[in-house]
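Text of the file entry04.pdb, holding PDB, C-alpha atoms:
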```pdb
ATOM      1  CA  MET J   1       1.254 -24.519   7.038
ATOM      2  CA  VAL J   2       1.142 -22.327   3.940
ATOM      3  CA  GLN J   3       1.725 -18.677   4.797
ATOM      4  CA  ASP J   4      -1.060 -16.265   3.887
ATOM      5  CA  PRO J   5       0.263 -14.374   0.822
ATOM      6  CA  THR J   6      -1.548 -11.217   1.893
ATOM      7  CA  ILE J   7      -0.423  -8.603   4.406
ATOM      8  CA  PRO J   8      -2.328  -6.135   6.611
ATOM      9  CA  PHE J   9      -2.626  -2.581   5.366
ATOM     10  CA  ALA J  10      -4.427   0.590   6.351
ATOM     11  CA  ARG J  11      -5.934   3.308   4.225
ATOM     12  CA  MET J  12      -5.005   6.612   5.938
ATOM     13  CA  ASN J  13      -4.469  10.245   5.117
ATOM     14  CA  GLY J  14      -2.344  13.125   6.306
ATOM     15  CA  LEU J  15      -4.289  16.332   5.648
ATOM     16  CA  GLY J  16      -5.787  14.690   2.571
ATOM     17  CA  ASN J  17      -2.489  13.239   1.337
ATOM     18  CA  GLU J  18      -3.720   9.721   0.485
ATOM     19  CA  ILE J  19      -1.565   7.086   2.166
ATOM     20  CA  LEU J  20      -1.528   3.283   2.297
ATOM     21  CA  VAL J  21       0.447   1.876   5.236
ATOM     22  CA  ALA J  22       1.476  -1.717   4.506
ATOM     23  CA  ASP J  23       2.690  -3.974   7.338
ATOM     24  CA  LEU J  24       5.520  -6.246   6.138
ATOM     25  CA  ARG J  25       7.074  -6.836   9.550
ATOM     26  CA  GLY J  26       8.241 -10.405   9.793
ATOM     27  CA  ARG J  27       7.847 -10.931   6.039
ATOM     28  CA  PRO J  28      10.519 -11.082   3.311
ATOM     29  CA  GLU J  29       8.271  -9.711   0.537
ATOM     30  CA  ARG J  30       8.284  -6.221  -0.929
ATOM     31  CA  VAL J  31       5.407  -4.309  -2.450
ATOM     32  CA  THR J  32       6.146  -4.478  -6.177
ATOM     33  CA  SER J  33       5.860  -1.580  -8.590
ATOM     34  CA  ALA J  34       3.143  -3.517 -10.414
ATOM     35  CA  ALA J  35       1.158  -3.865  -7.185
ATOM     36  CA  ALA J  36       1.565  -0.149  -6.431
ATOM     37  CA  ILE J  37       0.294   0.822  -9.894
ATOM     38  CA  ALA J  38      -2.680  -1.548  -9.549
ATOM     39  CA  LEU J  39      -3.581  -0.147  -6.114
ATOM     40  CA  ALA J  40      -3.238   3.434  -7.358
ATOM     41  CA  GLY J  41      -5.605   2.614 -10.212
ATOM     42  CA  ALA J  42      -8.386   1.298  -7.966
ATOM     43  CA  PRO J  43     -10.732   4.025  -6.631
ATOM     44  CA  GLU J  44     -10.865   2.563  -3.108
ATOM     45  CA  THR J  45      -7.111   2.329  -2.735
ATOM     46  CA  HIS J  46      -5.907   5.253  -4.861
ATOM     47  CA  PHE J  47      -2.962   6.779  -3.032
ATOM     48  CA  ASP J  48      -0.183   9.327  -3.179
ATOM     49  CA  GLN J  49       2.314   7.108  -1.324
ATOM     50  CA  ILE J  50       2.559   3.589   0.034
ATOM     51  CA  MET J  51       4.498   3.418   3.293
ATOM     52  CA  ALA J  52       5.759  -0.179   3.496
ATOM     53  CA  ILE J  53       6.925  -1.033   7.041
ATOM     54  CA  HIS J  54       9.738  -3.629   7.122
ATOM     55  CA  ASP J  55      11.771  -5.119   9.941
ATOM     56  CA  PRO J  56      14.634  -2.819  11.021
ATOM     57  CA  ALA J  57      17.806  -3.034   8.962
ATOM     58  CA  THR J  58      19.952  -1.116  11.462
ATOM     59  CA  PRO J  59      20.279  -1.795  15.205
ATOM     60  CA  GLY J  60      18.594   0.858  17.325
ATOM     61  CA  THR J  61      15.846   1.586  14.791
ATOM     62  CA  ASP J  62      12.221   0.460  15.012
ATOM     63  CA  ALA J  63      11.578  -0.218  11.330
ATOM     64  CA  PHE J  64      12.768   0.350   7.789
ATOM     65  CA  VAL J  65      10.137   2.219   5.777
ATOM     66  CA  ARG J  66      10.132   1.871   1.987
ATOM     67  CA  ILE J  67       8.101   4.518   0.164
ATOM     68  CA  LEU J  68       6.426   4.052  -3.212
ATOM     69  CA  ASN J  69       4.719   6.651  -5.393
ATOM     70  CA  ALA J  70       1.533   6.114  -7.374
ATOM     71  CA  ASP J  71       3.539   5.497 -10.550
ATOM     72  CA  GLY J  72       5.448   2.642  -8.880
ATOM     73  CA  SER J  73       8.668   4.589  -8.403
ATOM     74  CA  GLU J  74      10.416   4.840  -5.039
ATOM     75  CA  ALA J  75      10.517   8.033  -3.001
ATOM     76  CA  GLN J  76      13.134   8.943  -0.428
ATOM     77  CA  ALA J  77      10.869  10.861   1.943
ATOM     78  CA  CYS J  78       7.200  11.512   2.718
ATOM     79  CA  GLY J  79       6.415  13.561   5.797
ATOM     80  CA  ASN J  80       2.647  13.064   5.764
ATOM     81  CA  GLY J  81       3.145   9.343   5.248
ATOM     82  CA  MET J  82       5.541   9.143   8.190
ATOM     83  CA  ARG J  83       2.911  10.697  10.449
ATOM     84  CA  CYS J  84       0.513   7.962   9.332
ATOM     85  CA  VAL J  85       3.125   5.299  10.102
ATOM     86  CA  VAL J  86       3.627   6.724  13.597
ATOM     87  CA  GLN J  87      -0.116   6.716  14.274
ATOM     88  CA  ALA J  88      -0.572   3.163  12.963
ATOM     89  CA  LEU J  89       2.309   1.731  14.985
ATOM     90  CA  ALA J  90       1.368   3.688  18.111
ATOM     91  CA  ALA J  91      -2.135   2.180  17.967
ATOM     92  CA  ASP J  92      -0.696  -1.285  17.359
ATOM     93  CA  LEU J  93       2.154  -1.259  19.879
ATOM     94  CA  GLY J  94       1.184   1.296  22.514
ATOM     95  CA  GLN J  95       4.523   2.970  21.814
ATOM     96  CA  PHE J  96       4.572   6.666  20.952
ATOM     97  CA  ALA J  97       8.138   7.502  19.851
ATOM     98  CA  PHE J  98       9.935   5.822  16.959
ATOM     99  CA  THR J  99      13.178   5.859  15.016
ATOM    100  CA  PHE J 100      12.762   4.913  11.359
ATOM    101  CA  GLU J 101      15.237   4.269   8.590
ATOM    102  CA  THR J 102      14.387   5.330   5.020
ATOM    103  CA  ARG J 103      16.322   5.861   1.813
ATOM    104  CA  ALA J 104      16.774   9.451   3.020
ATOM    105  CA  GLY J 105      18.359   8.301   6.305
ATOM    106  CA  LEU J 106      17.047   8.185   9.864
ATOM    107  CA  LEU J 107      13.777   9.912  10.762
ATOM    108  CA  PHE J 108      12.224  10.326  14.199
ATOM    109  CA  GLY J 109       8.509  10.495  14.913
ATOM    110  CA  GLU J 110       6.388  10.950  18.019
ATOM    111  CA  GLU J 111       2.658  11.056  18.712
ATOM    112  CA  GLY J 112       1.745  13.663  21.317
ATOM    113  CA  PRO J 113      -1.019  13.554  23.957
ATOM    114  CA  ASP J 114      -3.141  15.782  21.707
ATOM    115  CA  GLY J 115      -2.961  13.226  18.896
ATOM    116  CA  LEU J 116      -0.803  15.439  16.715
ATOM    117  CA  ILE J 117       2.332  13.825  15.351
ATOM    118  CA  THR J 118       5.753  15.408  15.034
ATOM    119  CA  VAL J 119       8.278  14.024  12.570
ATOM    120  CA  ASP J 120      11.910  15.136  12.565
ATOM    121  CA  MET J 121      12.581  15.385   8.833
ATOM    122  CA  GLY J 122      16.321  15.805   9.285
ATOM    123  CA  ILE J 123      18.658  18.511   8.012
ATOM    124  CA  PRO J 124      17.896  20.084   4.621
ATOM    125  CA  ARG J 125      20.615  20.085   1.984
ATOM    126  CA  PHE J 126      21.260  22.992  -0.362
ATOM    127  CA  GLY J 127      24.295  22.010  -2.428
ATOM    128  CA  TRP J 128      23.471  21.599  -6.124
ATOM    129  CA  GLN J 129      25.010  18.111  -6.172
ATOM    130  CA  GLU J 130      23.073  17.077  -3.048
ATOM    131  CA  ILE J 131      19.641  18.066  -4.368
ATOM    132  CA  PRO J 132      20.676  16.991  -7.120
ATOM    133  CA  LEU J 133      20.834  19.375 -10.084
ATOM    134  CA  SER J 134      22.373  18.502 -13.439
ATOM    135  CA  GLU J 135      24.479  21.668 -13.541
ATOM    136  CA  ALA J 136      26.305  23.756 -10.996
ATOM    137  CA  PHE J 137      24.541  26.548  -9.097
ATOM    138  CA  HIS J 138      26.573  27.936  -6.232
ATOM    139  CA  ASP J 139      23.580  29.797  -4.786
ATOM    140  CA  THR J 140      20.470  27.614  -4.758
ATOM    141  CA  ARG J 141      18.284  30.286  -3.163
ATOM    142  CA  ALA J 142      17.270  31.386  -6.694
ATOM    143  CA  ILE J 143      18.299  29.317  -9.697
ATOM    144  CA  GLU J 144      17.822  30.119 -13.379
ATOM    145  CA  LEU J 145      14.599  28.353 -14.317
ATOM    146  CA  GLN J 146      11.347  29.767 -15.631
ATOM    147  CA  ILE J 147       8.035  28.924 -17.258
ATOM    148  CA  GLY J 148       6.513  31.274 -19.829
ATOM    149  CA  PRO J 149       7.885  34.035 -22.085
ATOM    150  CA  ILE J 150      11.445  35.151 -21.410
ATOM    151  CA  ASP J 151      10.386  38.768 -20.938
ATOM    152  CA  ALA J 152       7.293  37.930 -18.840
ATOM    153  CA  PRO J 153       7.723  34.549 -17.135
ATOM    154  CA  ILE J 154       4.797  33.056 -15.246
ATOM    155  CA  LEU J 155       7.093  31.354 -12.717
ATOM    156  CA  HIS J 156      10.812  31.937 -12.313
ATOM    157  CA  SER J 157      13.884  31.725 -10.081
ATOM    158  CA  PRO J 158      12.881  28.982  -7.619
ATOM    159  CA  ALA J 159      14.748  28.205  -4.445
ATOM    160  CA  VAL J 160      15.771  24.541  -4.467
ATOM    161  CA  ALA J 161      16.602  22.169  -1.640
ATOM    162  CA  SER J 162      16.602  18.518  -0.677
ATOM    163  CA  MET J 163      14.491  17.237   2.206
ATOM    164  CA  GLY J 164      15.720  13.743   1.364
ATOM    165  CA  ASN J 165      14.005  14.297  -1.988
ATOM    166  CA  PRO J 166      14.385  17.220  -4.426
ATOM    167  CA  HIS J 167      12.167  20.304  -4.155
ATOM    168  CA  ALA J 168      11.820  23.527  -6.102
ATOM    169  CA  THR J 169       9.850  26.362  -4.457
ATOM    170  CA  PHE J 170       8.526  29.162  -6.658
ATOM    171  CA  PHE J 171       7.618  32.180  -4.515
ATOM    172  CA  VAL J 172       4.725  34.247  -5.858
ATOM    173  CA  THR J 173       2.914  37.398  -4.787
ATOM    174  CA  ARG J 174      -0.622  36.370  -5.670
ATOM    175  CA  ASP J 175      -3.003  33.522  -4.806
ATOM    176  CA  VAL J 176      -1.368  30.136  -5.404
ATOM    177  CA  TRP J 177      -4.685  28.915  -6.887
ATOM    178  CA  SER J 178      -4.380  31.397  -9.749
ATOM    179  CA  PHE J 179      -1.594  29.345 -11.351
ATOM    180  CA  GLU J 180      -2.204  26.370 -13.671
ATOM    181  CA  LEU J 181       0.029  24.009 -11.731
ATOM    182  CA  ASP J 182      -1.525  21.014 -13.486
ATOM    183  CA  ARG J 183      -0.058  22.402 -16.737
ATOM    184  CA  PHE J 184       3.347  23.500 -15.484
ATOM    185  CA  GLY J 185       3.928  20.757 -12.927
ATOM    186  CA  PRO J 186       4.702  17.877 -15.321
ATOM    187  CA  ILE J 187       7.056  20.051 -17.395
ATOM    188  CA  LEU J 188       8.997  21.248 -14.381
ATOM    189  CA  GLU J 189       9.041  17.862 -12.621
ATOM    190  CA  ASN J 190      10.762  16.339 -15.657
ATOM    191  CA  HIS J 191      12.993  19.303 -16.556
ATOM    192  CA  PRO J 192      16.531  18.234 -17.562
ATOM    193  CA  LEU J 193      17.877  20.298 -14.667
ATOM    194  CA  PHE J 194      16.494  17.644 -12.286
ATOM    195  CA  PRO J 195      18.104  14.241 -12.995
ATOM    196  CA  GLU J 196      15.934  12.564 -10.318
ATOM    197  CA  ARG J 197      12.863  14.641 -11.224
ATOM    198  CA  CYS J 198      11.564  17.179  -8.714
ATOM    199  CA  ASN J 199       8.655  18.171  -6.481
ATOM    200  CA  ILE J 200       7.321  21.531  -7.655
ATOM    201  CA  THR J 201       5.727  23.974  -5.202
ATOM    202  CA  ILE J 202       4.129  27.384  -5.615
ATOM    203  CA  ALA J 203       4.336  29.361  -2.360
ATOM    204  CA  GLU J 204       2.847  32.647  -1.170
ATOM    205  CA  VAL J 205       4.330  34.075   2.032
ATOM    206  CA  ARG J 206       1.302  35.790   3.628
ATOM    207  CA  ALA J 207       3.065  36.801   6.850
ATOM    208  CA  PRO J 208       6.444  36.130   8.473
ATOM    209  CA  ASP J 209       4.902  33.068  10.151
ATOM    210  CA  ALA J 210       2.364  31.986   7.504
ATOM    211  CA  ILE J 211       2.886  30.418   4.072
ATOM    212  CA  THR J 212       0.333  28.960   1.656
ATOM    213  CA  ILE J 213       1.463  26.379  -0.889
ATOM    214  CA  ARG J 214       0.301  24.067  -3.652
ATOM    215  CA  THR J 215       2.469  21.180  -4.824
ATOM    216  CA  TRP J 216       2.897  19.045  -7.899
ATOM    217  CA  GLU J 217       4.395  15.921  -6.350
ATOM    218  CA  ARG J 218       6.998  13.894  -8.195
ATOM    219  CA  GLY J 219       5.516  10.596  -9.369
ATOM    220  CA  VAL J 220       2.055  11.569  -8.093
ATOM    221  CA  GLY J 221       0.774  14.833  -9.547
ATOM    222  CA  LEU J 222      -1.359  17.439  -7.796
ATOM    223  CA  THR J 223      -1.718  16.580  -4.129
ATOM    224  CA  ARG J 224      -3.744  17.952  -1.222
ATOM    225  CA  ALA J 225      -0.690  17.778   1.006
ATOM    226  CA  CYS J 226       3.021  17.063   0.691
ATOM    227  CA  GLY J 227       4.857  17.195   4.005
ATOM    228  CA  SER J 228       8.372  17.357   2.614
ATOM    229  CA  ALA J 229       7.276  20.155   0.236
ATOM    230  CA  ALA J 230       5.882  22.095   3.202
ATOM    231  CA  CYS J 231       9.229  21.668   4.958
ATOM    232  CA  ALA J 232      11.161  22.734   1.850
ATOM    233  CA  ALA J 233       8.927  25.793   1.369
ATOM    234  CA  ALA J 234       9.412  26.836   4.998
ATOM    235  CA  VAL J 235      13.172  26.383   4.851
ATOM    236  CA  ASN J 236      13.481  28.149   1.484
ATOM    237  CA  ALA J 237      11.349  31.052   2.752
ATOM    238  CA  ALA J 238      13.501  31.412   5.869
ATOM    239  CA  ARG J 239      16.816  31.274   4.061
ATOM    240  CA  THR J 240      15.658  33.895   1.543
ATOM    241  CA  ARG J 241      14.537  36.117   4.469
ATOM    242  CA  ARG J 242      10.869  35.904   3.533
ATOM    243  CA  SER J 243       9.755  34.287   6.801
ATOM    244  CA  HIS J 244      10.664  33.233  10.314
ATOM    245  CA  ARG J 245      12.010  29.750  11.015
ATOM    246  CA  LEU J 246       8.801  28.680  12.787
ATOM    247  CA  VAL J 247       5.813  28.943  10.455
ATOM    248  CA  THR J 248       2.389  27.553   9.726
ATOM    249  CA  VAL J 249       2.278  26.156   6.201
ATOM    250  CA  THR J 250      -1.218  25.886   4.767
ATOM    251  CA  VAL J 251      -1.658  23.161   2.143
ATOM    252  CA  PRO J 252      -4.968  22.408   0.363
ATOM    253  CA  GLY J 253      -5.749  19.819   3.055
ATOM    254  CA  GLY J 254      -5.052  21.997   6.110
ATOM    255  CA  ASP J 255      -2.219  23.360   8.270
ATOM    256  CA  LEU J 256       1.197  22.029   9.216
ATOM    257  CA  ARG J 257       3.527  23.564  11.790
ATOM    258  CA  ILE J 258       7.103  23.623  10.489
ATOM    259  CA  ASP J 259       9.998  24.476  12.796
ATOM    260  CA  TRP J 260      13.481  24.814  11.304
ATOM    261  CA  ARG J 261      15.230  24.413  14.609
ATOM    262  CA  GLU J 262      18.517  25.943  15.666
ATOM    263  CA  ASP J 263      20.209  22.522  15.424
ATOM    264  CA  GLY J 264      19.390  22.530  11.693
ATOM    265  CA  HIS J 265      16.708  19.848  11.851
ATOM    266  CA  VAL J 266      13.240  20.456  10.442
ATOM    267  CA  ALA J 267      10.343  19.331  12.669
ATOM    268  CA  MET J 268       6.900  18.953  11.094
ATOM    269  CA  THR J 269       3.765  18.653  13.245
ATOM    270  CA  GLY J 270       0.293  17.770  12.041
ATOM    271  CA  PRO J 271      -2.511  15.208  12.164
ATOM    272  CA  ALA J 272      -3.038  11.783  10.621
ATOM    273  CA  GLU J 273      -6.329  10.001  10.067
ATOM    274  CA  TRP J 274      -7.159   6.278   9.950
ATOM    275  CA  GLU J 275      -9.870   5.484   7.362
ATOM    276  CA  TRP J 276     -10.097   1.695   7.045
ATOM    277  CA  SER J 277      -7.995  -1.470   7.060
ATOM    278  CA  GLY J 278      -7.683  -4.562   4.920
ATOM    279  CA  ARG J 279      -5.286  -7.057   3.407
ATOM    280  CA  LEU J 280      -3.384  -6.875   0.150
ATOM    281  CA  ASP J 281      -1.182  -9.068  -2.014
ATOM    282  CA  PRO J 282       2.178  -7.245  -2.230
ATOM    283  CA  SER J 283       2.928  -8.897  -5.581
ATOM    284  CA  THR J 284      -0.281  -8.087  -7.442
ATOM    285  CA  GLY J 285      -2.075  -5.379  -5.489
ATOM    286  CA  ALA J 286      -5.241  -7.467  -5.066
ATOM    287  CA  PHE J 287      -6.925  -6.411  -1.811
ATOM    288  CA  THR J 288      -9.855  -6.974   0.503
ATOM    289  CA  ARG J 289     -11.341  -4.720   3.167
ATOM    290  CA  ASP J 290     -11.687  -5.824   6.768
ATOM    291  CA  ASP J 291     -15.191  -6.310   8.094
ATOM    292  CA  VAL J 292     -15.589  -3.766  10.880
ATOM    293  CA  SER J 293     -19.346  -4.135  11.282
ATOM    294  CA  GLY J 294     -20.347  -3.667  14.900
ATOM    295  CA  ARG J 295     -16.992  -2.119  15.740
ATOM    296  CA  ASP J 296     -16.758   1.402  17.123
ATOM    297  CA  ASP J 297     -13.077   1.908  16.427
ATOM    298  CA  ALA J 298     -11.161   1.272  13.196
ATOM    299  CA  SER J 299      -7.761   2.186  14.605
ATOM    300  CA  GLY J 300      -6.076  -1.221  14.486
ATOM    301  CA  TRP J 301      -4.585  -3.505  11.871
ATOM    302  CA  THR J 302      -7.327  -6.131  12.116
ATOM    303  CA  PRO J 303     -11.061  -6.070  12.887
TER
END
```
Step by step, read the file and then write its structure as structure tokens.
Amino acid sequence: MVQDPTIPFARMNGLGNEILVADLRGRPERVTSAAAIALAGAPETHFDQIMAIHDPATPGTDAFVRILNADGSEAQACGNGMRCVVQALAADLGQFAFTFETRAGLLFGEEGPDGLITVDMGIPRFGWQEIPLSEAFHDTRAIELQIGPIDAPILHSPAVASMGNPHATFFVTRDVWSFELDRFGPILENHPLFPERCNITIAEVRAPDAITIRTWERGVGLTRACGSAACAAAVNAARTRRSHRLVTVTVPGGDLRIDWREDGHVAMTGPAEWEWSGRLDPSTGAFTRDDVSGRDDASGWTP
């Protein structure tokens, strides 16, 4: 029997962060960069990240998750996408706690009784070589980088960190929507200081337990939510004594609870939403939607 070349996938979102969860369990294929670019270019399947679920590569884990950006490049981490993966697998398997392997290492996720999903994003890294930066900065709480005139910069002195992927957080004292992030984002993402490019976030600390952010996401652009950027902003705010270690981070799509725990791990809690399911060709990106007519619930891989 000839194997169906298509695989199940789900269109989901995490606070508006557009996610495709692709089920490659039991299959040797990979979603190609060409397929990712084609899917990102189609209005129905436009996404910020594809979360491709593969069979586990390491004993004791539930799956290996490969993450692709809209430009076809690979990402090391995506917190909102991991919440979507947890919700999809919990609905499919009736299991509610998972250990995943990604390029960033092991991540742990759990769906709670209230439907909210907590993902352990691991331990942030602050060394300039770990982020990485192209030159040495011994204190990464405020590095020398700015946009605008030297004597009156628009953005300057970001705190930088790795949450499995590189992040720069620019702290500001006025509304994050007053900055032209669509102009500055591409320049900063591709700045020579960041050899692997960088996620760029503008953050306003409104209270010791409340931060508002906007993010230009590496390989994606402006996004309604970036979970790892929310984690990086919370950690960078805490280590620069701007906030507590447990905060609510408000992104354009809603709120995330970020807890930089005493053991050093960063736990992110928030919702995920299932939109619709279908099948796609991982080589080309060609897709079809499942027929869910007459069905009350679209929370499974197949109609």
Within 7 Å of range 269-281 of chain J, counting only C-alpha atoms, which residues qualify if same-chain residues fewer than 5 places away don't, as a PyMOL selection string?
-> chain J and resi 5-15+83-84+87+116-119+256-258+286-290+298-299+301-302
Quick one: residues within 10 Å of (18.9, 9.9, 0.9) (file frame), counting all atoms listed in the file, please, as a list in words.
-> Ala75, Gln76, Ala77, Thr102, Arg103, Ala104, Gly105, Leu106, Glu130, Ile131, Ser162, Met163, Gly164 and Asn165 of chain J
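Atom pair CA of Glu29 in chain J / CA of Asn69 in chain J: separated by 17.8 Å.
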Excluding Phe108 in chain J and residues on its chain fewer than 2 positions from it, collect all residues at most 10 Å away from it, counting all atoms listed in the file, and give them as a PDB file with C-alpha atoms, in the coordinates of the input.
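Final file, part.pdb:
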```
ATOM      1  CA  THR J  61      15.846   1.586  14.791  1.00  0.00           C
ATOM      2  CA  ASP J  62      12.221   0.460  15.012  1.00  0.00           C
ATOM      3  CA  MET J  82       5.541   9.143   8.190  1.00  0.00           C
ATOM      4  CA  VAL J  86       3.627   6.724  13.597  1.00  0.00           C
ATOM      5  CA  ALA J  97       8.138   7.502  19.851  1.00  0.00           C
ATOM      6  CA  PHE J  98       9.935   5.822  16.959  1.00  0.00           C
ATOM      7  CA  THR J  99      13.178   5.859  15.016  1.00  0.00           C
ATOM      8  CA  PHE J 100      12.762   4.913  11.359  1.00  0.00           C
ATOM      9  CA  GLU J 101      15.237   4.269   8.590  1.00  0.00           C
ATOM     10  CA  LEU J 106      17.047   8.185   9.864  1.00  0.00           C
ATOM     11  CA  GLU J 110       6.388  10.950  18.019  1.00  0.00           C
ATOM     12  CA  THR J 118       5.753  15.408  15.034  1.00  0.00           C
ATOM     13  CA  VAL J 119       8.278  14.024  12.570  1.00  0.00           C
ATOM     14  CA  ASP J 120      11.910  15.136  12.565  1.00  0.00           C
ATOM     15  CA  MET J 121      12.581  15.385   8.833  1.00  0.00           C
ATOM     16  CA  GLY J 122      16.321  15.805   9.285  1.00  0.00           C
ATOM     17  CA  ALA J 267      10.343  19.331  12.669  1.00  0.00           C
TER      18      ALA J 267
END
```
Protein, DNA and RNA residues within 9 Å of (21.8, 24.8, -7.7), all atoms listed in the file, as a ChimeraX atom specification = /J:126-129,131-144,159-161
Since we have the selection now, will you write its residues out, keeping C-alpha atoms, as an mmCIF file, in the coordinates of the input?
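Resulting contents of again_19.cif:
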```
data_model
loop_
_atom_site.group_PDB
_atom_site.id
_atom_site.type_symbol
_atom_site.label_atom_id
_atom_site.label_comp_id
_atom_site.auth_asym_id
_atom_site.auth_seq_id
_atom_site.Cartn_x
_atom_site.Cartn_y
_atom_site.Cartn_z
ATOM 1 C CA PHE J 126 21.260 22.992 -0.362
ATOM 2 C CA GLY J 127 24.295 22.010 -2.428
ATOM 3 C CA TRP J 128 23.471 21.599 -6.124
ATOM 4 C CA GLN J 129 25.010 18.111 -6.172
ATOM 5 C CA ILE J 131 19.641 18.066 -4.368
ATOM 6 C CA PRO J 132 20.676 16.991 -7.120
ATOM 7 C CA LEU J 133 20.834 19.375 -10.084
ATOM 8 C CA SER J 134 22.373 18.502 -13.439
ATOM 9 C CA GLU J 135 24.479 21.668 -13.541
ATOM 10 C CA ALA J 136 26.305 23.756 -10.996
ATOM 11 C CA PHE J 137 24.541 26.548 -9.097
ATOM 12 C CA HIS J 138 26.573 27.936 -6.232
ATOM 13 C CA ASP J 139 23.580 29.797 -4.786
ATOM 14 C CA THR J 140 20.470 27.614 -4.758
ATOM 15 C CA ARG J 141 18.284 30.286 -3.163
ATOM 16 C CA ALA J 142 17.270 31.386 -6.694
ATOM 17 C CA ILE J 143 18.299 29.317 -9.697
ATOM 18 C CA GLU J 144 17.822 30.119 -13.379
ATOM 19 C CA ALA J 159 14.748 28.205 -4.445
ATOM 20 C CA VAL J 160 15.771 24.541 -4.467
ATOM 21 C CA ALA J 161 16.602 22.169 -1.640
#
```
Enumerate, as a list in words, the residues matched when the PyMOL selection byres ((chain J and resi 173) around 10) is run on the file above.
->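 Applying the expression gives Phe171, Val172, Arg174, Asp175, Val176, Ala203, Glu204, Val205 and Arg206 of chain J.
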Find the residue from J:Pro166, J:Ala238, J:Thr215, J:Ile150 that sits nearest to Glu196 in chain J; use all atoms listed in the file when measuring.
->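 Using all atoms listed in the file, Glu196 in chain J sits closest to J:Pro166.
Considering all atoms listed in the file, the residue among J:Arg218, J:His46, J:Arg66, J:His156 positioned nearest to Ile202 in chain J is J:His156.
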With the PyMOL selection byres ((chain J and resi 282) around 7) as the selection, what would be picked from this file? Answer as an mmCIF file with C-alpha atoms, in the frame of the given file, please.
```cif
data_model
loop_
_atom_site.group_PDB
_atom_site.id
_atom_site.type_symbol
_atom_site.label_atom_id
_atom_site.label_comp_id
_atom_site.auth_asym_id
_atom_site.auth_seq_id
_atom_site.Cartn_x
_atom_site.Cartn_y
_atom_site.Cartn_z
ATOM 1 C CA THR J 6 -1.548 -11.217 1.893
ATOM 2 C CA ARG J 30 8.284 -6.221 -0.929
ATOM 3 C CA VAL J 31 5.407 -4.309 -2.450
ATOM 4 C CA THR J 32 6.146 -4.478 -6.177
ATOM 5 C CA ALA J 35 1.158 -3.865 -7.185
ATOM 6 C CA LEU J 280 -3.384 -6.875 0.150
ATOM 7 C CA ASP J 281 -1.182 -9.068 -2.014
ATOM 8 C CA SER J 283 2.928 -8.897 -5.581
ATOM 9 C CA THR J 284 -0.281 -8.087 -7.442
ATOM 10 C CA GLY J 285 -2.075 -5.379 -5.489
#
```
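Considering only C-alpha atoms, the residue among J:Ala207, J:Ala232, J:Val247, J:Ile37 positioned nearest to Ile50 in chain J is J:Ile37.
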At what distance in Å, to one decimal, does CA of Asn80 in chain J lie from CA of Ala36 in chain J?
->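 Computed distance, CA of Ala36 in chain J to CA of Asn80 in chain J, equals 18.0 Å.
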In terms of all atoms listed in the file, the residue from J:Phe184, J:Arg197, J:Glu189, J:Leu24 at minimal distance from Pro56 in chain J is J:Leu24
What does the distance from CA of Thr248 in chain J to CA of Ile211 in chain J come to in Å, to one decimal?
->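 Atom-to-atom, CA of Thr248 in chain J to CA of Ile211 in chain J, that is 6.4 Å.
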Choose the residue, out of J:Gly185, J:Gly115, J:Pro252, J:Pro195, that has the smallest atom-to-atom separation from Thr169 in chain J; count all atoms listed in the file.
-> J:Gly185
Box time for range 36-55 of chain J: axis-aligned, enclosing all its listed atoms, 5 Å extra on each side; report centre and edge lengths in Å to one decimal, as JSON.
```
{"center_x": 0.5, "center_y": 2.1, "center_z": -0.1, "size_x": 32.6, "size_y": 24.4, "size_z": 30.2}
```
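Minimum atom-to-atom distances from J:Glu111, J:Glu217, J:Asp4, J:Glu44 to Asn17 in chain J were compared using all atoms listed in the file, and the lowest value belongs to J:Glu217.
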Mind telling me what the PyMOL selection byres ((chain J and resi 262) around 12) catches here, as a list in words?
->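 Applying the expression gives Ile123, His244, Arg245, Leu246, Asp259, Trp260, Arg261, Asp263, Gly264, His265, Val266 and Ala267 of chain J.
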